[in-house]
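Q: Below you'll find the structure I mean.
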Amino acid sequence: MTATRRPSGGATGPSRGDSDPIARLSRRPHRRYNPLLDEWLLVSSDRTRRPWQGRQEPPPPGPVEQYDPACFLCPGNQRANGAANPDYASTFVFTNDFAALRPDAPEERLEDGLLRAEVEAGTCRVLCFSRRHDLTLARMERPEVRTVVDLWADQTAELGDRFQWVQVFENRGEMMGASNPHPHGQIWAGSALPHEAAREDATQRAYDGEHGRRLLLDYATQEAGGPRVVVEDDDWLVAVPFWAAWPYETLLIAKRPVERLPGLDDAARDSLAGNLIALLGSYDRLFGLSFPYSMGWHQAPFRGRSEEHWQLHAHFFPPLLTANVRKFMVGYELLAETQRDLTAEVAAERLRAALARPEPTRTGEAAARA
Ligand code: H2U
Ligand code: ZN
């Protein structure tokens with residue numbers, strides 16, 4: 001197990017002079033290429049200076065209790081459909097009572113010119129990360145987060161026996177559509193390869209075909225110790241990717257070749273728990289509030305063949321631009337291409353600074369949300 005290192009910033013930091021091509025580019029609107037999705041996006045950092053008279057996000061709700069008798073996910077409580085949760089001690093998994101996918105789907109398809117459709121079989125599960133209603137992954141102890149990592153891995157292995165794509169994810173905070181503050185995530189597993197997965201599959205396969213190496217391992221090597229890194233150790237690298245779309249988007253990459261969560265060894269799982277706490281803690285400290293985000297794992301599809309072009313990674317998509325203004329992916333983004341307001345280098349610098357600030361204690365709910 002290695003200690004989480006905080007990089008000092010690298011030779012291509014945003015404050016460097018004219019000789020640095022990224023600093024030069026960053027002074028004017030420019031486009032960056034996302035090799036994982038094979039698409040470009042527009043970066044126009046000057047736009048952060050524009051006046052904002054639009055929607056102001058309300059502060060997240062104040063402190064919550066360790067146990068909420070009205071919560072559908074707390075131990076011992078009744079869920080919306082009347083099922084009772086066991087008095088679980090740490091984590092708890094159940095099949096989503098309002099599942100978007102069902103396993104008992106009969107095969108059926110429509111092929112009528114441009115009209116194409118097919119029935120999709122799958123299953124959806126809810127994963128409670130802790131019995132405590134008031135915690136978040138960022139504020140759980142390292143062994144507790146390690147238990148969540150093991151749960152993600154075990155669930156992936158089990159569902160991968162039946163479904164091609166196992167999507168592990170977490171929506172955190174009301175702003176990201178989480179229906180409940182109780183720390184929890186979801187898994188949707190399905191028989192088709194969803195389109196984001198299919199694109200990453202294609203780009204990683206093409207890169208491996210051309211170079212004989214994994215795209216994301218090469219990317220992690222290129223980023224290590226550099227200006228976009230938030231935290232890293234021997235097993236993991238967390239960076240604001242060069243092509244980040246959301247203001248404080250990050251990409252967490254396993255540094256050793258591994259296709260899926262169940263393939264992680266003991267040391268990598270432990271250091272993953274530490275890196276998750278560090279990253280999510282820096283998010284919370286950035287604006288002094290429990291940071292909303294959607295995160296999820298991308299791991300190789302299960303289709304009964306070797307997937308050595310795939311590298312395990314997780315994406316974190318937080319929507320906030322400032323403490324009370326969110327990034328809207330609307331006009332140009334929906335119609336032309338993604339546009340971001342601050343550079344990936346500036347975002348990473350701010351996250352590293354937040355990481356260096358003192359951590360709120362587990363009981364310091366008020367400090368974390370002040
Ligand atoms: P989100 O907070 O990301 O929406 O996840 C909570 C999930 O929990 C949601 O998909 C499910 C919802 O369908 N749920 C149940 O299955 N049973 C309940 O009693 C409440 C919520
Ligand atoms: Zn609860």
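A note on labels: chains of the structure tokens are A, B, ... as shown, every chain counts residues from 1, and ligands are counted from 1 in their shown order.
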Enumerate as a PDB file with N, CA and C atoms, in the first residue's frame the residues within 7 Å of ligand 2, counting only C-alpha atoms and all ligand atoms.
A:
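In the end it all went to pocket32.pdb:
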ATOM      1  N   TYR A  67     -29.634   8.501  11.586  1.00  0.00           N
ATOM      2  CA  TYR A  67     -30.711   7.592  11.208  1.00  0.00           C
ATOM      3  C   TYR A  67     -31.948   8.426  10.927  1.00  0.00           C
ATOM      4  N   ASP A  68     -32.636   8.121   9.808  1.00  0.00           N
ATOM      5  CA  ASP A  68     -33.850   8.843   9.480  1.00  0.00           C
ATOM      6  C   ASP A  68     -34.992   7.831   9.354  1.00  0.00           C
ATOM      7  N   CYS A  71     -36.465   7.401   5.899  1.00  0.00           N
ATOM      8  CA  CYS A  71     -35.588   7.070   4.756  1.00  0.00           C
ATOM      9  C   CYS A  71     -35.891   5.661   4.240  1.00  0.00           C
ATOM     10  N   PHE A  72     -35.979   5.524   2.912  1.00  0.00           N
ATOM     11  CA  PHE A  72     -36.257   4.204   2.324  1.00  0.00           C
ATOM     12  C   PHE A  72     -35.035   3.282   2.364  1.00  0.00           C
ATOM     13  N   LEU A  73     -33.867   3.854   2.672  1.00  0.00           N
ATOM     14  CA  LEU A  73     -32.641   3.052   2.593  1.00  0.00           C
ATOM     15  C   LEU A  73     -32.022   2.757   3.963  1.00  0.00           C
ATOM     16  N   CYS A  74     -32.455   3.414   5.016  1.00  0.00           N
ATOM     17  CA  CYS A  74     -31.871   3.180   6.343  1.00  0.00           C
ATOM     18  C   CYS A  74     -32.175   1.747   6.817  1.00  0.00           C
ATOM     19  N   ARG A 132     -25.163   4.357   8.033  1.00  0.00           N
ATOM     20  CA  ARG A 132     -25.374   5.725   8.527  1.00  0.00           C
ATOM     21  C   ARG A 132     -25.917   6.650   7.446  1.00  0.00           C
ATOM     22  N   HIS A 133     -27.047   7.218   7.730  1.00  0.00           N
ATOM     23  CA  HIS A 133     -27.776   8.078   6.803  1.00  0.00           C
ATOM     24  C   HIS A 133     -27.005   9.372   6.504  1.00  0.00           C
ATOM     25  N   HIS A 182     -29.207   9.390   1.726  1.00  0.00           N
ATOM     26  CA  HIS A 182     -28.524   8.214   2.293  1.00  0.00           C
ATOM     27  C   HIS A 182     -27.412   7.775   1.324  1.00  0.00           C
TER      28      HIS A 182
END
Q: Residues near range 309-316 of chain A, anyone? I mean within 8 Å using only C-alpha atoms, not counting same-chain ones fewer than 2 positions away, as a count of residues only.
A: 31
Q: Residues of chain A that approach ligand 1 to 8 Å or less, counting only C-alpha atoms and all ligand atoms: could you list each one with the shortest pair of atoms and its distance in Å to one decimal, rows by chain and increasing residue number, as JSON lines?
A:
{"residue": "A:Phe72", "atom": "CA", "partner": "ligand 1", "partner_atom_place_in_ligand_line": "19 (O)", "distance": 4.8}
{"residue": "A:Leu73", "atom": "CA", "partner": "ligand 1", "partner_atom_place_in_ligand_line": "20 (C)", "distance": 6.8}
{"residue": "A:Gln78", "atom": "CA", "partner": "ligand 1", "partner_atom_place_in_ligand_line": "19 (O)", "distance": 7.3}
{"residue": "A:Arg79", "atom": "CA", "partner": "ligand 1", "partner_atom_place_in_ligand_line": "19 (O)", "distance": 3.6}
{"residue": "A:Ala80", "atom": "CA", "partner": "ligand 1", "partner_atom_place_in_ligand_line": "19 (O)", "distance": 3.7}
{"residue": "A:Asn81", "atom": "CA", "partner": "ligand 1", "partner_atom_place_in_ligand_line": "19 (O)", "distance": 6.0}
{"residue": "A:Gly82", "atom": "CA", "partner": "ligand 1", "partner_atom_place_in_ligand_line": "19 (O)", "distance": 7.7}
{"residue": "A:Ala83", "atom": "CA", "partner": "ligand 1", "partner_atom_place_in_ligand_line": "19 (O)", "distance": 7.8}
{"residue": "A:Phe94", "atom": "CA", "partner": "ligand 1", "partner_atom_place_in_ligand_line": "16 (O)", "distance": 7.6}
{"residue": "A:Thr95", "atom": "CA", "partner": "ligand 1", "partner_atom_place_in_ligand_line": "16 (O)", "distance": 6.7}
{"residue": "A:Asn96", "atom": "CA", "partner": "ligand 1", "partner_atom_place_in_ligand_line": "16 (O)", "distance": 3.7}
{"residue": "A:Asp97", "atom": "CA", "partner": "ligand 1", "partner_atom_place_in_ligand_line": "16 (O)", "distance": 3.6}
{"residue": "A:Phe98", "atom": "CA", "partner": "ligand 1", "partner_atom_place_in_ligand_line": "13 (O)", "distance": 4.4}
{"residue": "A:Ala99", "atom": "CA", "partner": "ligand 1", "partner_atom_place_in_ligand_line": "13 (O)", "distance": 6.2}
{"residue": "A:Arg125", "atom": "CA", "partner": "ligand 1", "partner_atom_place_in_ligand_line": "16 (O)", "distance": 7.7}
{"residue": "A:Val126", "atom": "CA", "partner": "ligand 1", "partner_atom_place_in_ligand_line": "8 (O)", "distance": 5.7}
{"residue": "A:Glu170", "atom": "CA", "partner": "ligand 1", "partner_atom_place_in_ligand_line": "3 (O)", "distance": 6.3}
{"residue": "A:Asn171", "atom": "CA", "partner": "ligand 1", "partner_atom_place_in_ligand_line": "3 (O)", "distance": 4.8}
{"residue": "A:Arg172", "atom": "CA", "partner": "ligand 1", "partner_atom_place_in_ligand_line": "3 (O)", "distance": 7.2}
{"residue": "A:Gly177", "atom": "CA", "partner": "ligand 1", "partner_atom_place_in_ligand_line": "4 (O)", "distance": 6.3}
{"residue": "A:Ala178", "atom": "CA", "partner": "ligand 1", "partner_atom_place_in_ligand_line": "2 (O)", "distance": 3.4}
{"residue": "A:Ser179", "atom": "CA", "partner": "ligand 1", "partner_atom_place_in_ligand_line": "2 (O)", "distance": 3.7}
{"residue": "A:Asn180", "atom": "CA", "partner": "ligand 1", "partner_atom_place_in_ligand_line": "2 (O)", "distance": 5.0}
{"residue": "A:Pro181", "atom": "CA", "partner": "ligand 1", "partner_atom_place_in_ligand_line": "2 (O)", "distance": 7.4}
{"residue": "A:His184", "atom": "CA", "partner": "ligand 1", "partner_atom_place_in_ligand_line": "5 (O)", "distance": 7.0}
{"residue": "A:Gly185", "atom": "CA", "partner": "ligand 1", "partner_atom_place_in_ligand_line": "3 (O)", "distance": 6.3}
{"residue": "A:Gln186", "atom": "CA", "partner": "ligand 1", "partner_atom_place_in_ligand_line": "5 (O)", "distance": 6.3}
Q: Given the selection you just returned, output its residues as a file containing N, CA and C atoms, formatted as a CSV table (one decimal), in the first residue's frame.
A:
chain,number,residue,atom,x,y,z
A,72,PHE,N,-36.0,5.5,2.9
A,72,PHE,CA,-36.3,4.2,2.3
A,72,PHE,C,-35.0,3.3,2.4
A,73,LEU,N,-33.9,3.9,2.7
A,73,LEU,CA,-32.6,3.1,2.6
A,73,LEU,C,-32.0,2.8,4.0
A,78,GLN,N,-38.9,0.5,6.1
A,78,GLN,CA,-39.7,0.0,5.0
A,78,GLN,C,-39.5,0.8,3.8
A,79,ARG,N,-39.3,0.1,2.6
A,79,ARG,CA,-39.2,0.8,1.4
A,79,ARG,C,-40.5,1.2,0.8
A,80,ALA,N,-40.5,2.0,-0.3
A,80,ALA,CA,-41.7,2.5,-0.9
A,80,ALA,C,-42.7,1.5,-1.2
A,81,ASN,N,-42.3,0.3,-1.6
A,81,ASN,CA,-43.2,-0.8,-2.0
A,81,ASN,C,-43.6,-1.7,-0.9
A,82,GLY,N,-43.1,-1.3,0.4
A,82,GLY,CA,-43.5,-2.1,1.5
A,82,GLY,C,-42.5,-3.1,2.0
A,83,ALA,N,-41.5,-3.5,1.1
A,83,ALA,CA,-40.4,-4.4,1.5
A,83,ALA,C,-39.6,-3.8,2.7
A,94,PHE,N,-30.0,-4.4,-2.8
A,94,PHE,CA,-31.3,-4.9,-3.2
A,94,PHE,C,-31.6,-4.6,-4.6
A,95,THR,N,-32.5,-5.4,-5.2
A,95,THR,CA,-33.0,-5.1,-6.6
A,95,THR,C,-33.9,-3.9,-6.6
A,96,ASN,N,-33.6,-2.9,-7.4
A,96,ASN,CA,-34.3,-1.6,-7.5
A,96,ASN,C,-35.8,-1.9,-7.6
A,97,ASP,N,-36.6,-1.4,-6.7
A,97,ASP,CA,-38.0,-1.6,-6.8
A,97,ASP,C,-38.7,-0.9,-8.0
A,98,PHE,N,-38.0,0.0,-8.6
A,98,PHE,CA,-38.5,0.8,-9.7
A,98,PHE,C,-37.5,0.6,-10.9
A,99,ALA,N,-37.1,-0.6,-11.2
A,99,ALA,CA,-36.0,-0.9,-12.1
A,99,ALA,C,-36.3,-0.4,-13.5
A,125,ARG,N,-29.8,-2.6,-9.5
A,125,ARG,CA,-29.7,-2.8,-8.1
A,125,ARG,C,-29.3,-1.5,-7.4
A,126,VAL,N,-29.7,-1.4,-6.1
A,126,VAL,CA,-29.3,-0.3,-5.3
A,126,VAL,C,-28.3,-0.7,-4.3
A,170,GLU,N,-22.9,6.3,-9.2
A,170,GLU,CA,-23.5,7.0,-8.0
A,170,GLU,C,-23.9,8.4,-8.5
A,171,ASN,N,-25.2,8.7,-8.2
A,171,ASN,CA,-25.6,10.1,-8.3
A,171,ASN,C,-25.6,10.7,-6.9
A,172,ARG,N,-24.8,11.7,-6.7
A,172,ARG,CA,-24.7,12.3,-5.4
A,172,ARG,C,-25.3,13.7,-5.4
A,177,GLY,N,-29.8,14.7,-9.2
A,177,GLY,CA,-31.0,13.8,-9.3
A,177,GLY,C,-31.1,12.7,-8.3
A,178,ALA,N,-30.1,12.7,-7.3
A,178,ALA,CA,-30.2,11.7,-6.3
A,178,ALA,C,-31.6,11.8,-5.5
A,179,SER,N,-32.2,10.7,-5.3
A,179,SER,CA,-33.6,10.8,-4.7
A,179,SER,C,-33.5,10.8,-3.2
A,180,ASN,N,-32.3,10.6,-2.6
A,180,ASN,CA,-32.2,10.4,-1.2
A,180,ASN,C,-30.8,10.7,-0.8
A,181,PRO,N,-30.6,11.4,0.4
A,181,PRO,CA,-29.2,11.7,0.8
A,181,PRO,C,-28.5,10.5,1.4
A,184,HIS,N,-25.5,6.0,-1.2
A,184,HIS,CA,-25.9,4.9,-2.0
A,184,HIS,C,-25.5,5.1,-3.4
A,185,GLY,N,-25.3,4.0,-4.1
A,185,GLY,CA,-25.1,4.0,-5.6
A,185,GLY,C,-26.0,3.0,-6.2
A,186,GLN,N,-25.8,2.8,-7.5
A,186,GLN,CA,-26.7,1.9,-8.3
A,186,GLN,C,-25.8,1.1,-9.2
Q: Which of range 114-340 of chain A end up as helix (DSSP H, G or I) when DSSP is run on this backbone - answer as a PyMOL selection string?
A: chain A and resi 137-139+142-160+174-176+195-211+215-223+261-263+266-287+331-335
Q: Would you mind exporting C-alpha atoms of the selected residues as a PDB file, in the first residue's frame?
A:
ATOM      1  CA  LEU A 137     -18.094   8.353   0.602  1.00  0.00           C
ATOM      2  CA  ALA A 138     -15.887  11.407   1.157  1.00  0.00           C
ATOM      3  CA  ARG A 139     -16.489  11.267   4.902  1.00  0.00           C
ATOM      4  CA  ARG A 142     -10.892   4.123   4.624  1.00  0.00           C
ATOM      5  CA  PRO A 143     -11.842   0.524   5.641  1.00  0.00           C
ATOM      6  CA  GLU A 144     -15.506   1.429   5.112  1.00  0.00           C
ATOM      7  CA  VAL A 145     -14.813   2.696   1.600  1.00  0.00           C
ATOM      8  CA  ARG A 146     -12.716  -0.424   0.962  1.00  0.00           C
ATOM      9  CA  THR A 147     -15.849  -2.465   1.791  1.00  0.00           C
ATOM     10  CA  VAL A 148     -17.710  -0.490  -0.882  1.00  0.00           C
ATOM     11  CA  VAL A 149     -14.897  -1.193  -3.382  1.00  0.00           C
ATOM     12  CA  ASP A 150     -15.188  -4.930  -2.621  1.00  0.00           C
ATOM     13  CA  LEU A 151     -18.950  -4.731  -3.017  1.00  0.00           C
ATOM     14  CA  TRP A 152     -18.627  -3.030  -6.427  1.00  0.00           C
ATOM     15  CA  ALA A 153     -16.154  -5.759  -7.486  1.00  0.00           C
ATOM     16  CA  ASP A 154     -18.286  -8.684  -6.235  1.00  0.00           C
ATOM     17  CA  GLN A 155     -21.436  -7.310  -7.816  1.00  0.00           C
ATOM     18  CA  THR A 156     -19.592  -6.774 -11.109  1.00  0.00           C
ATOM     19  CA  ALA A 157     -18.357 -10.379 -11.143  1.00  0.00           C
ATOM     20  CA  GLU A 158     -21.794 -11.760 -10.355  1.00  0.00           C
ATOM     21  CA  LEU A 159     -23.717  -9.637 -12.865  1.00  0.00           C
ATOM     22  CA  GLY A 160     -21.037 -10.112 -15.530  1.00  0.00           C
ATOM     23  CA  GLU A 174     -30.151  16.611  -5.214  1.00  0.00           C
ATOM     24  CA  MET A 175     -28.642  18.578  -8.087  1.00  0.00           C
ATOM     25  CA  MET A 176     -27.618  15.340  -9.788  1.00  0.00           C
ATOM     26  CA  HIS A 195     -23.358   3.803 -26.765  1.00  0.00           C
ATOM     27  CA  GLU A 196     -20.790   5.484 -24.435  1.00  0.00           C
ATOM     28  CA  ALA A 197     -19.390   2.023 -23.730  1.00  0.00           C
ATOM     29  CA  ALA A 198     -19.374   1.162 -27.424  1.00  0.00           C
ATOM     30  CA  ARG A 199     -17.432   4.333 -28.250  1.00  0.00           C
ATOM     31  CA  GLU A 200     -14.820   3.735 -25.554  1.00  0.00           C
ATOM     32  CA  ASP A 201     -14.598   0.131 -26.676  1.00  0.00           C
ATOM     33  CA  ALA A 202     -13.945   1.217 -30.265  1.00  0.00           C
ATOM     34  CA  THR A 203     -11.369   3.913 -29.432  1.00  0.00           C
ATOM     35  CA  GLN A 204      -9.445   1.678 -27.024  1.00  0.00           C
ATOM     36  CA  ARG A 205      -9.493  -1.196 -29.517  1.00  0.00           C
ATOM     37  CA  ALA A 206      -8.268   1.030 -32.355  1.00  0.00           C
ATOM     38  CA  TYR A 207      -5.465   2.474 -30.193  1.00  0.00           C
ATOM     39  CA  ASP A 208      -4.354  -0.970 -29.083  1.00  0.00           C
ATOM     40  CA  GLY A 209      -4.435  -2.147 -32.708  1.00  0.00           C
ATOM     41  CA  GLU A 210      -2.225   0.741 -33.801  1.00  0.00           C
ATOM     42  CA  HIS A 211       0.203   0.942 -30.869  1.00  0.00           C
ATOM     43  CA  LEU A 215      -4.818   4.057 -24.559  1.00  0.00           C
ATOM     44  CA  LEU A 216      -5.487   4.937 -20.928  1.00  0.00           C
ATOM     45  CA  LEU A 217      -2.214   3.473 -19.645  1.00  0.00           C
ATOM     46  CA  ASP A 218      -0.365   5.667 -22.124  1.00  0.00           C
ATOM     47  CA  TYR A 219      -2.499   8.621 -21.041  1.00  0.00           C
ATOM     48  CA  ALA A 220      -1.761   7.953 -17.350  1.00  0.00           C
ATOM     49  CA  THR A 221       1.959   7.813 -18.144  1.00  0.00           C
ATOM     50  CA  GLN A 222       1.765  11.090 -20.056  1.00  0.00           C
ATOM     51  CA  GLU A 223      -0.136  12.849 -17.251  1.00  0.00           C
ATOM     52  CA  LEU A 261     -12.924  -4.126 -10.710  1.00  0.00           C
ATOM     53  CA  PRO A 262     -12.787  -7.849  -9.744  1.00  0.00           C
ATOM     54  CA  GLY A 263      -9.261  -7.947 -11.240  1.00  0.00           C
ATOM     55  CA  ASP A 266      -5.723  -6.178  -2.368  1.00  0.00           C
ATOM     56  CA  ALA A 267      -3.215  -3.301  -2.448  1.00  0.00           C
ATOM     57  CA  ALA A 268      -4.948  -1.585  -5.388  1.00  0.00           C
ATOM     58  CA  ARG A 269      -8.328  -1.842  -3.648  1.00  0.00           C
ATOM     59  CA  ASP A 270      -6.920  -0.305  -0.475  1.00  0.00           C
ATOM     60  CA  SER A 271      -5.221   2.537  -2.277  1.00  0.00           C
ATOM     61  CA  LEU A 272      -8.402   3.072  -4.331  1.00  0.00           C
ATOM     62  CA  ALA A 273     -10.311   3.661  -1.089  1.00  0.00           C
ATOM     63  CA  GLY A 274      -7.698   6.237  -0.037  1.00  0.00           C
ATOM     64  CA  ASN A 275      -7.721   7.996  -3.407  1.00  0.00           C
ATOM     65  CA  LEU A 276     -11.522   8.138  -3.495  1.00  0.00           C
ATOM     66  CA  ILE A 277     -11.596   9.762  -0.069  1.00  0.00           C
ATOM     67  CA  ALA A 278      -8.896  12.230  -1.144  1.00  0.00           C
ATOM     68  CA  LEU A 279     -10.629  13.168  -4.409  1.00  0.00           C
ATOM     69  CA  LEU A 280     -14.129  13.446  -2.976  1.00  0.00           C
ATOM     70  CA  GLY A 281     -12.740  15.343   0.020  1.00  0.00           C
ATOM     71  CA  SER A 282     -11.101  17.858  -2.305  1.00  0.00           C
ATOM     72  CA  TYR A 283     -14.448  18.267  -4.086  1.00  0.00           C
ATOM     73  CA  ASP A 284     -16.216  18.946  -0.773  1.00  0.00           C
ATOM     74  CA  ARG A 285     -13.568  21.434   0.319  1.00  0.00           C
ATOM     75  CA  LEU A 286     -13.463  23.279  -3.034  1.00  0.00           C
ATOM     76  CA  PHE A 287     -16.608  25.311  -2.287  1.00  0.00           C
ATOM     77  CA  GLY A 331     -27.515  25.461 -26.712  1.00  0.00           C
ATOM     78  CA  TYR A 332     -24.074  25.110 -28.279  1.00  0.00           C
ATOM     79  CA  GLU A 333     -23.318  21.971 -26.277  1.00  0.00           C
ATOM     80  CA  LEU A 334     -26.498  20.233 -27.429  1.00  0.00           C
ATOM     81  CA  LEU A 335     -26.339  21.497 -30.991  1.00  0.00           C
TER      82      LEU A 335
END
Q: When distances are computed from only C-alpha atoms, which of A:Thr136, A:Thr123, A:Thr91, A:Gln56 shows the smallest separation from Val166 in chain A?
A: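 Ranking A:Thr136, A:Thr123, A:Thr91, A:Gln56 by distance to Val166 in chain A, first place goes to A:Thr123.
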Q: Could you pull the residues within 12 Å of Glu337 in chain A, counting only C-alpha atoms, minus those fewer than 5 positions along the same chain, as a VMD selection string?
A: chain A and resid 31 to 34 39 to 43 245 329 to 332
Q: Quick check for you: according to DSSP on this backbone, which residues of range 74-292 of chain A are classed as strand (DSSP E)? Reply as number ranges by chain.
A: A: 92-95, 109-112, 115-118, 122-128, 165-172, 184-190, 229-232, 236-239, 250-254
Q: Measuring atom to atom with only C-alpha atoms, identify which of A:Leu114, A:Val240, A:Val119, A:Met140 is nearest to Leu342 in chain A.
A: A:Val240
Q: Closest to Ala348 in chain A among A:Pro301, A:Leu264, A:Asp235, A:Gly226, using only C-alpha atoms?
A: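 Going through A:Pro301, A:Leu264, A:Asp235, A:Gly226 one by one, the smallest distance to Ala348 in chain A is for A:Gly226.
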Q: Nearest to Leu127 in chain A: which of A:Glu111, A:Asp104, A:Val93, A:Gly212 is it, counting only C-alpha atoms?
A: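 The answer is A:Val93, which sits nearest to Leu127 in chain A.
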Q: Here is a test: counting only C-alpha atoms, which residue of A:Gly173, A:Ala117, A:Ser90, A:Gly190 is nearest to Arg303 in chain A?
A: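 Checking each candidate against Arg303 in chain A, we get A:Gly190 as the closest.
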